[in-house]
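Visitor: One file: coords07.txt (compact mmCIF, C-alpha atoms).
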# COMPACT_ATOMS: atom_id res chain seq x y z
CA MET A 7 -5.65 37.01 38.59
CA GLU A 8 -1.91 37.69 38.27
CA GLN A 9 -0.28 36.29 35.13
CA SER A 10 2.98 34.35 35.45
CA ASN A 11 6.15 35.68 33.83
CA SER A 12 6.06 32.90 31.23
CA ASP A 13 2.45 33.77 30.34
CA ILE A 14 3.36 37.46 30.08
CA LYS A 15 6.26 36.65 27.71
CA LEU A 16 4.06 34.33 25.66
CA GLY A 17 1.34 36.99 25.57
CA ARG A 18 3.80 39.55 24.22
CA PHE A 19 4.91 37.12 21.53
CA LEU A 20 1.26 36.39 20.65
CA SER A 21 0.68 40.14 20.39
CA LEU A 22 3.59 40.43 17.95
CA VAL A 23 2.30 37.51 15.87
CA LEU A 24 -1.41 38.43 15.86
CA ARG A 25 -1.03 42.21 15.51
CA HIS A 26 2.16 42.85 13.59
CA ASP A 27 4.16 39.90 12.25
CA PRO A 28 2.47 36.51 11.80
CA SER A 29 5.59 35.27 10.02
CA ALA A 30 7.39 35.35 13.41
CA ALA A 31 5.51 32.09 14.10
CA GLY A 32 5.40 30.99 10.47
CA ILE A 33 1.64 31.49 10.14
CA SER A 34 -0.73 33.75 8.23
CA LEU A 35 -3.85 35.70 9.15
CA ASP A 36 -7.00 35.93 7.06
CA GLY A 37 -8.42 39.27 5.92
CA HIS A 38 -10.18 39.73 9.27
CA GLY A 39 -7.09 39.02 11.37
CA TRP A 40 -8.03 35.45 12.33
CA ALA A 41 -5.36 32.77 12.76
CA ASP A 42 -5.99 29.03 12.85
CA VAL A 43 -5.39 27.98 16.47
CA LYS A 44 -3.69 24.66 15.59
CA GLU A 45 -1.33 26.46 13.19
CA LEU A 46 -0.63 29.14 15.81
CA LEU A 47 0.17 26.56 18.51
CA ALA A 48 2.46 24.65 16.14
CA GLY A 49 4.14 27.83 14.92
CA VAL A 50 4.76 29.20 18.41
CA SER A 51 6.09 25.79 19.50
CA ARG A 52 8.51 25.77 16.54
CA THR A 53 10.08 28.96 17.94
CA GLY A 54 11.07 27.03 21.08
CA ARG A 55 8.29 28.46 23.26
CA LYS A 56 6.19 26.05 25.34
CA ILE A 57 2.49 26.45 24.57
CA ASP A 58 -0.59 24.23 24.39
CA MET A 59 -4.33 24.89 24.12
CA ASP A 60 -4.79 25.18 27.90
CA THR A 61 -2.00 27.77 28.09
CA LEU A 62 -3.41 29.74 25.15
CA GLU A 63 -6.91 29.77 26.65
CA ARG A 64 -5.49 30.90 30.01
CA ILE A 65 -3.52 33.75 28.39
CA VAL A 66 -6.60 34.94 26.48
CA ARG A 67 -8.82 34.67 29.58
CA GLU A 68 -6.40 36.33 32.02
CA ASN A 69 -5.01 39.10 29.80
CA ASN A 70 -5.92 42.28 31.67
CA LYS A 71 -6.25 44.21 28.40
CA GLN A 72 -8.41 41.54 26.76
CA ARG A 73 -6.22 41.72 23.67
CA TYR A 74 -7.42 38.51 22.02
CA SER A 75 -10.66 36.77 21.07
CA PHE A 76 -11.52 33.25 20.02
CA ASN A 77 -14.29 32.41 17.61
CA GLU A 78 -17.19 30.38 19.07
CA ASP A 79 -15.56 26.94 18.83
CA HIS A 80 -12.04 28.17 19.69
CA THR A 81 -10.60 27.03 16.34
CA ARG A 82 -9.58 30.60 15.40
CA ILE A 83 -8.07 33.49 17.35
CA ARG A 84 -7.31 37.14 16.64
CA ALA A 85 -6.14 40.32 18.28
CA ASN A 86 -9.02 42.68 19.03
CA GLN A 87 -7.25 45.83 17.82
CA GLY A 88 -3.82 47.48 17.55
CA HIS A 89 -2.79 45.93 14.26
CA SER A 90 -0.06 47.46 12.14
CA LEU A 91 -1.14 44.98 9.45
CA SER A 92 -4.07 45.80 7.21
CA VAL A 93 -6.90 43.65 8.54
CA ASP A 94 -10.63 44.24 8.93
CA VAL A 95 -11.61 43.21 12.45
CA GLU A 96 -15.24 43.86 11.53
CA LEU A 97 -15.82 46.87 13.75
CA ARG A 98 -19.24 48.49 13.89
CA GLU A 99 -19.56 52.24 14.11
CA GLU A 100 -20.84 53.41 17.51
CA THR A 101 -21.79 56.69 19.13
CA PRO A 102 -19.08 57.61 21.64
CA PRO A 103 -19.62 59.07 25.11
CA GLN A 104 -19.14 62.83 25.57
CA TYR A 105 -15.46 62.48 26.47
CA LEU A 106 -12.74 59.98 25.66
CA TYR A 107 -9.13 60.00 26.85
CA HIS A 108 -5.74 59.47 25.23
CA GLY A 109 -2.71 58.63 27.34
CA THR A 110 0.76 59.43 26.04
CA ALA A 111 4.17 60.56 27.25
CA THR A 112 4.82 64.24 27.97
CA ARG A 113 7.68 64.22 25.42
CA PHE A 114 5.11 63.62 22.63
CA PHE A 115 2.66 66.26 23.84
CA PRO A 116 4.06 69.30 21.91
CA ALA A 117 3.78 67.44 18.58
CA ILE A 118 0.28 66.21 19.49
CA GLN A 119 -0.79 69.77 20.32
CA ARG A 120 0.32 70.84 16.81
CA GLU A 121 -0.74 67.83 14.72
CA GLY A 122 -3.45 66.15 16.77
CA ILE A 123 -3.48 62.50 17.75
CA ARG A 124 -2.37 60.40 14.80
CA LYS A 125 -2.63 56.64 14.36
CA MET A 126 1.09 56.33 13.55
CA SER A 127 1.81 52.69 12.58
CA ARG A 128 -1.57 51.42 13.77
CA GLN A 129 -4.83 51.28 11.84
CA TYR A 130 -6.59 53.64 14.29
CA VAL A 131 -6.04 56.11 17.10
CA HIS A 132 -6.75 54.36 20.43
CA LEU A 133 -8.86 56.18 23.02
CA SER A 134 -9.95 55.08 26.49
CA GLY A 135 -13.36 55.46 28.04
CA ASP A 136 -11.83 56.39 31.40
CA PHE A 137 -9.05 58.61 32.65
CA GLN A 138 -7.30 55.93 34.76
CA THR A 139 -6.80 53.57 31.81
CA ALA A 140 -5.43 56.42 29.69
CA MET A 141 -3.03 57.33 32.51
CA ALA A 142 -1.78 53.73 32.66
CA VAL A 143 -1.23 53.76 28.88
CA GLY A 144 0.69 57.03 29.13
CA ARG A 145 2.92 55.62 31.89
CA ARG A 146 4.06 52.82 29.57
CA HIS A 147 5.68 55.46 27.36
CA GLY A 148 7.30 57.67 30.02
CA SER A 149 6.08 60.54 32.17
CA PRO A 150 2.33 60.45 31.43
CA VAL A 151 -0.09 63.07 30.21
CA VAL A 152 -3.77 62.44 29.46
CA ILE A 153 -5.60 64.35 26.75
CA THR A 154 -9.37 64.71 27.12
CA VAL A 155 -11.17 64.56 23.78
CA ASP A 156 -14.65 65.92 23.05
CA ALA A 157 -15.74 62.78 21.21
CA GLN A 158 -19.37 63.83 20.80
CA ALA A 159 -18.31 67.04 19.03
CA MET A 160 -16.14 64.93 16.72
CA ALA A 161 -19.06 62.58 16.02
CA ARG A 162 -21.37 65.55 15.30
CA ASP A 163 -18.73 66.73 12.80
CA GLY A 164 -18.85 63.37 11.01
CA VAL A 165 -15.90 61.50 12.54
CA GLY A 166 -16.63 57.78 12.80
CA PHE A 167 -15.95 55.92 16.05
CA TYR A 168 -15.64 52.20 16.63
CA ARG A 169 -15.31 50.20 19.81
CA SER A 170 -13.20 47.06 19.80
CA GLU A 171 -14.14 43.80 21.53
CA ASN A 172 -12.11 44.85 24.58
CA GLY A 173 -13.71 48.30 24.90
CA VAL A 174 -11.01 50.47 23.29
CA TRP A 175 -12.48 53.35 21.26
CA LEU A 176 -10.99 53.81 17.80
CA CYS A 177 -11.02 56.58 15.20
CA GLU A 178 -8.85 57.75 12.30
CA HIS A 179 -7.43 61.01 13.76
CA VAL A 180 -8.15 63.54 16.50
CA GLU A 181 -7.63 67.17 15.56
CA PRO A 182 -6.35 69.50 18.31
CA LYS A 183 -9.56 71.57 18.13
CA TYR A 184 -11.31 68.65 19.91
CA PHE A 185 -8.97 68.69 22.92
CA VAL A 186 -10.67 69.81 26.13
CA SER A 187 -8.48 71.98 28.34
Could I get this file's structure written as structure tokens?
Guide:
Amino acid sequence: MEQSNSDIKLGRFLSLVLRHDPSAAGISLDGHGWADVKELLAGVSRTGRKIDMDTLERIVRENNKQRYSFNEDHTRIRANQGHSLSVDVELREETPPQYLYHGTATRFFPAIQREGIRKMSRQYVHLSGDFQTAMAVGRRHGSPVVITVDAQAMARDGVGFYRSENGVWLCEHVEPKYFVS
């Protein structure tokens, strides 16, 4: 289902609040990244944006990247991954598939070839389970390039992998020796 422009703008603001800057809506997150839904709705409304519970549930349900999750009774919400804040989203270590993919812009590729894939301002490096998703991520940053990563070799060498609620694979760093040409 296609999201409306107002839902897309609200979704971007929710991403800012739940991943990077809860103070933008005058709220706080607990140690696991959860926000109280009533406080979030009131805080977002105080910024002049129109939001209610139905709108929030629609944004969470229709977000094509499945960025957010509610708890069971929908009284709390959090971003699934991508935080620049220090939160523990309670990830469990998982065995990755043979290959994972990282989409980026070609202008970043020379540095990545030298230094590997770094988490930068995020808590983890984000990897995709399929080439097409990685290509779409790379396009958001410019002319895309997709790096294929031998994730099973990394796991054999002791690198821990996690998979977020929305299927994004996460790890601390990817050294260039794990790139598949």
Visitor: Please provide the set of residues having any atom within 6 Å of A:Asn86, restricted to only C-alpha atoms, with same-chain residues fewer than 2 positions apart removed, written as a ChimeraX atom specification.
Guide: /A:73-74,171
Visitor: List the spatial neighbours of A:Asp27 as a ChimeraX atom specification - criterion: any atom at most 9 Å away, only C-alpha atoms, same-chain residues fewer than 5 positions off excluded.
Guide: /A:21-22,34,90-91
Visitor: Could you tell me which of A:Thr112, A:Asn172, A:Pro103, A:Met141 comes closest to A:Val155 if we count all atoms listed in the file?
Guide: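 Ranked by minimum distance to A:Val155, first place goes to A:Pro103.
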Visitor: Between A:Ser149, A:Ser29, A:Thr154, A:Gln87, which residue has the minimum interatomic distance to A:Val131, considering all atoms listed in the file?
Guide: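 Checking each of A:Ser149, A:Ser29, A:Thr154, A:Gln87 against A:Val131, counting all atoms listed in the file, the winner is A:Gln87.
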Visitor: With all atoms listed in the file as the atoms that count, which of A:His38, A:Arg113, A:Arg124, A:Arg145 lies nearest to A:Val95?
Guide: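 Closest residue, counting all atoms listed in the file: A:His38.
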Visitor: Which residue is closest to A:Phe167? Choose from A:Gly122, A:Pro102, A:Phe115, A:Arg128 and count all atoms listed in the file.
Guide: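 Selected residue with least distance to A:Phe167: A:Pro102.
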Visitor: Using only C-alpha atoms, which of the listed residues (A:Phe19, A:Trp40, A:Tyr105, A:Tyr168) sits closest to A:Ser75?
Guide: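 Looking only at the distances to A:Ser75, the closest residue turns out to be A:Trp40.
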Visitor: Just give me the gap between atom CA of A:Tyr130 and atom CA of A:Thr110 in Å, one decimal is fine.
Guide: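 Taking atom CA of A:Tyr130 and atom CA of A:Thr110, their separation equals 15.0 Å.
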Visitor: If you measure from atom CA of A:His108 to atom CA of A:His132, what distance in Å do you get, rounded to one decimal?
Guide: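 Between atom CA of A:His108 and atom CA of A:His132 the gap is 7.1 Å.
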Visitor: Go through A:Arg18, A:Arg82, A:Lys183, A:His26 and flag the residue nearest A:Glu45, using all atoms listed in the file for the distances.
Guide: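 Comparing A:Arg18, A:Arg82, A:Lys183, A:His26 against A:Glu45, the winner is A:Arg82.
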Visitor: Quick check, in Å to one decimal: how far apart do atom CA of A:Asn70 and atom CA of A:Phe185 lie?
Guide: 28.0 Å
Visitor: Kindly extract all protein, DNA and RNA residues lying within 12 Å of the coordinates (-4.0, 24.6, 14.5) given in the file, considering all atoms listed in the file, and supply them as an mmCIF file with C-alpha atoms, in the coordinates of the input.
Guide:
data_model
loop_
_atom_site.group_PDB
_atom_site.id
_atom_site.type_symbol
_atom_site.label_atom_id
_atom_site.label_comp_id
_atom_site.auth_asym_id
_atom_site.auth_seq_id
_atom_site.Cartn_x
_atom_site.Cartn_y
_atom_site.Cartn_z
ATOM 1 C CA ILE A 33 1.640 31.490 10.140
ATOM 2 C CA SER A 34 -0.730 33.750 8.230
ATOM 3 C CA TRP A 40 -8.030 35.450 12.330
ATOM 4 C CA ALA A 41 -5.360 32.770 12.760
ATOM 5 C CA ASP A 42 -5.990 29.030 12.850
ATOM 6 C CA VAL A 43 -5.390 27.980 16.470
ATOM 7 C CA LYS A 44 -3.690 24.660 15.590
ATOM 8 C CA GLU A 45 -1.330 26.460 13.190
ATOM 9 C CA LEU A 46 -0.630 29.140 15.810
ATOM 10 C CA LEU A 47 0.170 26.560 18.510
ATOM 11 C CA ALA A 48 2.460 24.650 16.140
ATOM 12 C CA GLY A 49 4.140 27.830 14.920
ATOM 13 C CA VAL A 50 4.760 29.200 18.410
ATOM 14 C CA SER A 51 6.090 25.790 19.500
ATOM 15 C CA ASP A 58 -0.590 24.230 24.390
ATOM 16 C CA MET A 59 -4.330 24.890 24.120
ATOM 17 C CA LEU A 62 -3.410 29.740 25.150
ATOM 18 C CA HIS A 80 -12.040 28.170 19.690
ATOM 19 C CA THR A 81 -10.600 27.030 16.340
ATOM 20 C CA ARG A 82 -9.580 30.600 15.400
ATOM 21 C CA ILE A 83 -8.070 33.490 17.350
#
Visitor: List the spatial neighbours of stretch 9-16 of chain A as a list in words - criterion: any atom at most 8 Å away, only C-alpha atoms, same-chain residues fewer than 6 positions off excluded.
Guide: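 Using only C-alpha atoms, the neighbours found are Arg55, Thr61, Ile65, Glu68 and Asn69 of chain A.
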Visitor: Kindly compute an axis-aligned box around the listed atoms of stretch 129-141 of chain A, allowing 8 Å on each side, and express its centre and edge lengths in Å to one decimal as lines of an AutoDock Vina configuration file.
Guide:
center_x = -8.2
center_y = 54.9
center_z = 23.3
size_x = 26.3
size_y = 23.3
size_z = 38.9
Visitor: Need to verify the contact set: A:Gly144, 6 Å, all atoms listed in the file, exclusion of same-chain residues closer than 2 positions in sequence. Can you return it as an NGL selection string?
Guide: :A and (109-111 or 141-142 or 146-147 or 150)
